[in-house]
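Here the structure comes first, spelled out in structure tokens, and everything after it is commentary.
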There are 2 protein chains.
Amino acid sequence: MHALIVHCHPELESFNRALTEVAGATLREQGFSVDVSDLYNQDFDPCERAEHYVNRDDSAVFSPLREQRHASETNTLPEDVQREIARLKRADLVLFQFPIWWHGQPAILKGWFDRVFVNGSLYTSAMRYDRGYFRCRRAVCSVTTGAPEFAFGPGSRGGDIERILWSTHYSLHYMGFDVLPPFVAFGIQGHGYTYLDDEENDRHLNVIRETWKERLKTLDRDKALRFLGWGDWDQDGRSKTGKPGRLTERSFRV
Amino acid sequence: MHALIVHCHPELESFNRALTEVAGATLREQGFSVDVSDLYNQDFDPCERAEHYVNRDDSAVFSPLREQRHASETNTLPEDVQREIARLKRADLVLFQFPIWWHGQPAILKGWFDRVFVNGSLYTSAMRYDRGYFRCRRAVCSVTTGAPEFAFGPGSRGGDIERILWSTHYSLHYMGFDVLPPFVAFGIQGHGYTYLDDEENDRHLNVIRETWKERLKTLDRDKALRFLGWGDWDQDGRSKTGKPGRLTERSFRV
């Protein structure tokens with residue numbers, strides 16, 4: 001079994017880094033081989049733009065989907081994108097480690113989705129959702145929040161974690177992944193300081209590391225979040241029932 | 001009255017550009033002065049990183065919030081961020097024009113949120129939500145989607161537009177803006193081609209431009225989306241009722 005950790009934090013000594021290291025070590029103990037894509041360290045360019053495409057299908061007007069498709073077909077995708085896709089294709093499990101910034105992924109990780117999940121080779125109109133390229137592979141988000149846990153309850157100030165992660169999860173579902181419930185480390189300020197005093201903070205961070213470690217050991221028993229799929233839609237993509245899908249099958253406990 | 005349009009598309013001749021031009025012209029006819037922040041054209045760096053801060057509070061460990069706060073206090077924010085903040089502070093209305101990519105903002109726009117909405121001068125723990133810096137100012141998202149409108153109904157394949165835009169809207173609410181219902185141009189492929197044949201496509205795009213123009217003329221009559229606020233939470237930020245807020249007050253018609 002092989003895992004890819006997509007790691008996203010601008011500070012080398014961040015608590016996100018500590019969680020990535022816990023994940024790498026624990027997964028190796030479980031028999032996984034592990035790759036890490038460290039987006040800041042790689043100086044990954046999150047911006048989809050014409051300059052990335054050396055062999056344009058339409059040299060006059062830049063349409064990202066059109067050029068992604070053409071570059072897939074002609075094997076001229078940008079080098080950094082090719083490297084990320086090769087890592088993805090090897091992975092049975094993909095883990096995303098990032099801080100929640102402005103109710104979602106930091107820009108560098110959002111851009112990884114924008115640029116790496118290319119039209120043509122990784123998805124087409126027929127190869128999406130439960131027929132997606134990465135079906136039968138698993139993905140899981142491990143995130144940190146600045147505010148403490150009670151601020152993320154239903155109707156509370158921070159917003160519901162399920163809504164905060166909906167776009168990320170739905171994009172992974174679009175690519176075919178089985179999306180596991182996220183791991184959420186609440187109340188992590190900056191590089192690891194929290195609202196708590198130092199001793200209590202150290203204990204808080206240790207508990208989180210241990211909880212993550214234990215969770216990783218039993219990841220194969222986790223049930224994937226349920227999203228709507230092809231069976232729920234007519235051939236045009238309309239809902240058969242007209243009812244919104246639940247955010248997820250169940251309100252996950254994090 | 002002054003408006004800022006934050007424009008985000010990598011192609012100069014995109015349909016997003018056409019919508020930005022319709023907005024600029026229509027708002028000027030209504031008596032607004034208009035600034036445009038064209039993020040790709042400005043080569044805006046969406047990545048929050050240590051190198052942006054010349055006067056570090058903690059030179060050993062990079063904590064974005066800490067450095068944002070310190071740079072705000074010492075007037076040493078990055079030049080591009082200072083320019084965007086100056087534009088924001090002048091604006092009574094802020095309009096975001098962008099294509100929906102992977103169920104949210106393109107990375108370059110997400111990074112504009114990450115870097116420009118700085119801790120310290122633009123928000124603090126007490127100056128947020130309905131007590132936010134930008135209270136009594138309005139913000140509106142104008143977006144394009146690749147898939148046609150019927151794919152975005154409740155439970156349909158594309159996902160609900162309200163969920164897709166929730167993070168963006170909630171972040172604007174966090175900053176104090178009155179967030180108006182979005183304008184959504186469905187079925188815009190690439191730079192303006194759609195699933196329709198050319199003649200029908202031209203008509204489709206014209207209808208969208210005209211609809212946007214008419215909407216902009218009566219924007220002052222639009223009611224803002226309703227989000228939870230300080231009156232709904234206890235002093236720790238917990239919901240008083242324990243019920244999730246609705247995604248928005250009403251299912252908006254787009």
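Naming scheme: A, B, ... for chains in displayed order of the structure tokens; residues 1 onward per chain; ligands 1 onward as shown.
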Under the rule of at most 6 Å, produce a per-residue listing of chain A near chain B: chain, number, name, the closest pair of atoms, and the distance in Å, as CSV, using only C-alpha atoms.
residue,atom,partner,partner_atom,distance
A:Pro10,CA,B:Arg49,CA,5.7
A:Glu11,CA,B:Phe62,CA,5.5
A:Arg49,CA,B:Pro10,CA,5.7
A:Phe62,CA,B:Glu11,CA,5.5
A:Ser63,CA,B:Gly190,CA,4.6
A:Trp102,CA,B:Ser171,CA,5.9
A:His103,CA,B:Ser167,CA,5.2
A:Ala107,CA,B:Gly111,CA,4.7
A:Lys110,CA,B:Ala107,CA,5.2
A:Gly111,CA,B:Ala107,CA,4.7
A:Ala151,CA,B:Gly237,CA,5.3
A:Pro154,CA,B:Pro244,CA,4.3
A:Gly155,CA,B:Pro244,CA,3.8
A:Ser156,CA,B:Ser239,CA,4.4
A:Arg157,CA,B:Gly237,CA,5.0
A:Ser167,CA,B:His103,CA,5.2
A:Ser171,CA,B:Trp102,CA,5.9
A:Gly190,CA,B:Ser63,CA,4.6
A:His191,CA,B:Ser63,CA,5.9
A:Gly237,CA,B:Arg157,CA,5.0
A:Arg238,CA,B:Ser156,CA,4.7
A:Ser239,CA,B:Ser156,CA,4.4
A:Gly242,CA,B:Pro154,CA,5.7
A:Lys243,CA,B:Gly155,CA,5.4
A:Pro244,CA,B:Gly155,CA,3.8
A:Gly245,CA,B:Gly155,CA,4.9
Could you tell me, as a PyMOL selection string, which residues of region 79-203 of chain A DSSP assigns to alpha helix (DSSP H) when given the backbone?
chain A and resi 79-90+107-116+161-164+166-174+198-203
Could the residues in this selection be written to a file with N, CA and C atoms, as a tab-separated table (two decimals), in the first residue's frame?
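Just written: result.tsv:
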chain	number	residue	atom	x	y	z
A	79	GLU	N	5.62	20.28	-16.02
A	79	GLU	CA	6.43	19.28	-15.30
A	79	GLU	C	5.98	19.07	-13.86
A	80	ASP	N	5.67	20.18	-13.17
A	80	ASP	CA	5.26	20.02	-11.76
A	80	ASP	C	3.93	19.29	-11.66
A	81	VAL	N	3.05	19.52	-12.63
A	81	VAL	CA	1.76	18.83	-12.63
A	81	VAL	C	1.96	17.34	-12.94
A	82	GLN	N	2.83	17.04	-13.90
A	82	GLN	CA	3.11	15.64	-14.21
A	82	GLN	C	3.64	14.89	-12.99
A	83	ARG	N	4.52	15.56	-12.24
A	83	ARG	CA	5.09	14.93	-11.04
A	83	ARG	C	3.99	14.65	-10.00
A	84	GLU	N	3.09	15.63	-9.78
A	84	GLU	CA	2.02	15.42	-8.81
A	84	GLU	C	1.07	14.31	-9.25
A	85	ILE	N	0.77	14.26	-10.56
A	85	ILE	CA	-0.13	13.23	-11.06
A	85	ILE	C	0.51	11.85	-10.90
A	86	ALA	N	1.82	11.75	-11.16
A	86	ALA	CA	2.50	10.46	-10.99
A	86	ALA	C	2.41	10.01	-9.53
A	87	ARG	N	2.59	10.96	-8.60
A	87	ARG	CA	2.49	10.62	-7.18
A	87	ARG	C	1.07	10.17	-6.83
A	88	LEU	N	0.09	10.88	-7.37
A	88	LEU	CA	-1.31	10.52	-7.11
A	88	LEU	C	-1.64	9.13	-7.62
A	89	LYS	N	-1.16	8.82	-8.83
A	89	LYS	CA	-1.52	7.55	-9.44
A	89	LYS	C	-0.94	6.36	-8.68
A	90	ARG	N	0.17	6.59	-7.97
A	90	ARG	CA	0.76	5.51	-7.17
A	90	ARG	C	0.00	5.26	-5.87
A	107	ALA	N	-4.59	29.10	-0.35
A	107	ALA	CA	-4.56	29.26	-1.81
A	107	ALA	C	-3.64	28.25	-2.50
A	108	ILE	N	-2.49	27.97	-1.90
A	108	ILE	CA	-1.53	27.09	-2.58
A	108	ILE	C	-2.12	25.69	-2.75
A	109	LEU	N	-2.95	25.26	-1.81
A	109	LEU	CA	-3.59	23.94	-1.94
A	109	LEU	C	-4.78	24.01	-2.89
A	110	LYS	N	-5.54	25.10	-2.85
A	110	LYS	CA	-6.64	25.26	-3.81
A	110	LYS	C	-6.08	25.20	-5.23
A	111	GLY	N	-4.93	25.83	-5.43
A	111	GLY	CA	-4.31	25.83	-6.75
A	111	GLY	C	-3.80	24.47	-7.17
A	112	TRP	N	-3.45	23.65	-6.19
A	112	TRP	CA	-3.06	22.27	-6.50
A	112	TRP	C	-4.26	21.54	-7.09
A	113	PHE	N	-5.45	21.75	-6.54
A	113	PHE	CA	-6.66	21.18	-7.15
A	113	PHE	C	-6.87	21.76	-8.56
A	114	ASP	N	-6.77	23.09	-8.67
A	114	ASP	CA	-7.03	23.75	-9.96
A	114	ASP	C	-6.11	23.22	-11.07
A	115	ARG	N	-4.85	22.96	-10.73
A	115	ARG	CA	-3.87	22.63	-11.77
A	115	ARG	C	-3.64	21.13	-11.95
A	116	VAL	N	-3.74	20.35	-10.85
A	116	VAL	CA	-3.34	18.93	-10.93
A	116	VAL	C	-4.49	18.02	-11.37
A	161	ILE	N	-18.00	22.65	10.45
A	161	ILE	CA	-16.86	22.04	9.76
A	161	ILE	C	-17.31	21.35	8.46
A	162	GLU	N	-18.48	20.77	8.48
A	162	GLU	CA	-18.96	20.09	7.27
A	162	GLU	C	-19.13	21.06	6.11
A	163	ARG	N	-19.61	22.26	6.41
A	163	ARG	CA	-19.75	23.28	5.35
A	163	ARG	C	-18.39	23.80	4.94
A	164	ILE	N	-17.53	24.02	5.93
A	164	ILE	CA	-16.19	24.55	5.65
A	164	ILE	C	-15.45	23.61	4.70
A	166	TRP	N	-16.90	21.29	2.71
A	166	TRP	CA	-17.75	20.72	1.66
A	166	TRP	C	-17.10	20.80	0.28
A	167	SER	N	-16.58	21.97	-0.09
A	167	SER	CA	-16.01	22.13	-1.44
A	167	SER	C	-14.84	21.17	-1.66
A	168	THR	N	-13.97	21.08	-0.66
A	168	THR	CA	-12.81	20.19	-0.77
A	168	THR	C	-13.27	18.75	-0.90
A	169	HIS	N	-14.19	18.35	-0.03
A	169	HIS	CA	-14.68	16.97	-0.06
A	169	HIS	C	-15.40	16.66	-1.37
A	170	TYR	N	-16.23	17.61	-1.83
A	170	TYR	CA	-17.00	17.33	-3.04
A	170	TYR	C	-16.08	17.23	-4.27
A	171	SER	N	-15.01	18.03	-4.27
A	171	SER	CA	-14.04	17.93	-5.37
A	171	SER	C	-13.35	16.57	-5.36
A	172	LEU	N	-13.04	16.06	-4.17
A	172	LEU	CA	-12.42	14.73	-4.08
A	172	LEU	C	-13.41	13.64	-4.52
A	173	HIS	N	-14.67	13.81	-4.13
A	173	HIS	CA	-15.72	12.89	-4.59
A	173	HIS	C	-15.83	12.94	-6.12
A	174	TYR	N	-15.76	14.14	-6.68
A	174	TYR	CA	-15.82	14.33	-8.14
A	174	TYR	C	-14.73	13.50	-8.84
A	198	ASP	N	1.06	27.36	28.67
A	198	ASP	CA	2.06	26.51	28.02
A	198	ASP	C	1.97	25.03	28.36
A	199	GLU	N	1.81	24.75	29.63
A	199	GLU	CA	1.79	23.35	30.04
A	199	GLU	C	0.54	22.65	29.50
A	200	GLU	N	-0.58	23.37	29.64
A	200	GLU	CA	-1.83	22.80	29.17
A	200	GLU	C	-1.79	22.68	27.64
A	201	ASN	N	-1.14	23.64	27.01
A	201	ASN	CA	-0.99	23.63	25.56
A	201	ASN	C	-0.19	22.40	25.10
A	202	ASP	N	0.92	22.15	25.76
A	202	ASP	CA	1.72	20.97	25.41
A	202	ASP	C	0.88	19.70	25.52
A	203	ARG	N	0.09	19.62	26.59
A	203	ARG	CA	-0.75	18.44	26.77
A	203	ARG	C	-1.79	18.36	25.65
Pairwise distance, CA of Ser125 (chain B) with CA of Ser142 (chain A), equals 24.9 Å
#### Entry: Thr145 (chain B) surroundings by only C-alpha atoms, 7 Å radius, close-in-sequence under 6 positions cut, as a list in words
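Here the answer would be Pro99, Ile100, Ala185, Phe186, Gly187 and Ile188 of chain B.
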Could you write out the selected residues, including C-alpha atoms, as an mmCIF file, in the first residue's frame?
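selection_8.cif, freshly written:
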data_model
loop_
_atom_site.group_PDB
_atom_site.id
_atom_site.type_symbol
_atom_site.label_atom_id
_atom_site.label_comp_id
_atom_site.auth_asym_id
_atom_site.auth_seq_id
_atom_site.Cartn_x
_atom_site.Cartn_y
_atom_site.Cartn_z
ATOM 1 C CA PRO B 99 -15.186 31.461 -12.598
ATOM 2 C CA ILE B 100 -16.138 28.610 -10.253
ATOM 3 C CA ALA B 185 -23.853 32.833 -15.316
ATOM 4 C CA PHE B 186 -24.312 29.141 -16.028
ATOM 5 C CA GLY B 187 -22.959 27.095 -18.908
ATOM 6 C CA ILE B 188 -19.944 29.235 -19.785
#
- Selection near Leu95 (chain A), 6 Å with only C-alpha atoms, sequence-local residues under 5 positions removed, as a ChimeraX atom specification: /A:5,139-141
In Å and to one decimal, CA of Gly231 (chain B) is distant from CA of Pro182 (chain B) by 25.2 Å
Between CA of Phe32 (chain A) and CA of Val184 (chain A), what is the distance in Å, rounded to a tenth?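 The value is 22.5 Å.
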- B:Gly132, B:Arg137, B:Lys217, B:Phe98: which is nearest Ala18 (chain B), counting only C-alpha atoms?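 Between B:Gly132, B:Arg137, B:Lys217, B:Phe98, the residue approaching Ala18 (chain B) most closely is B:Phe98.
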- Find, counting only C-alpha atoms, the residue in B:Asn75, B:Val36, B:Cys136, B:Gln68 that gets nearest to Tyr123 (chain B).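 The closest residue to Tyr123 (chain B) is B:Gln68.
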Shell around Val22 (chain A) at 12 Å using only C-alpha atoms, local window under 5 positions removed, as a CSV table (one decimal) with C-alpha atoms, in the first residue's frame:
chain,number,residue,atom,x,y,z
A,5,ILE,CA,0.6,13.2,2.0
A,15,PHE,CA,2.0,22.0,14.1
A,16,ASN,CA,0.8,21.0,10.7
A,17,ARG,CA,4.3,19.7,10.1
A,27,LEU,CA,1.5,4.8,8.1
A,28,ARG,CA,5.0,3.4,7.6
A,29,GLU,CA,4.5,1.4,10.7
A,34,VAL,CA,4.8,7.2,1.9
A,97,GLN,CA,-2.7,18.2,5.8
A,142,SER,CA,-6.4,16.5,8.4
A,206,ASN,CA,0.1,15.8,22.6
A,208,ILE,CA,-4.1,15.6,19.3
A,209,ARG,CA,-1.0,13.9,18.0
A,210,GLU,CA,-1.9,10.7,19.9
A,211,THR,CA,-5.5,10.8,18.7
A,212,TRP,CA,-4.4,11.2,15.1
A,213,LYS,CA,-1.9,8.4,15.5
A,214,GLU,CA,-4.7,6.1,16.8
A,215,ARG,CA,-7.1,7.1,14.1
A,216,LEU,CA,-4.5,6.4,11.4
A,217,LYS,CA,-4.0,2.9,12.7
- Could you tell me which of A:Leu196, A:Val179, A:Val94, A:Met127 comes closest to Ala224 (chain A) if we count only C-alpha atoms?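 Of the candidates, the smallest distance to Ala224 (chain A) is held by A:Val179.
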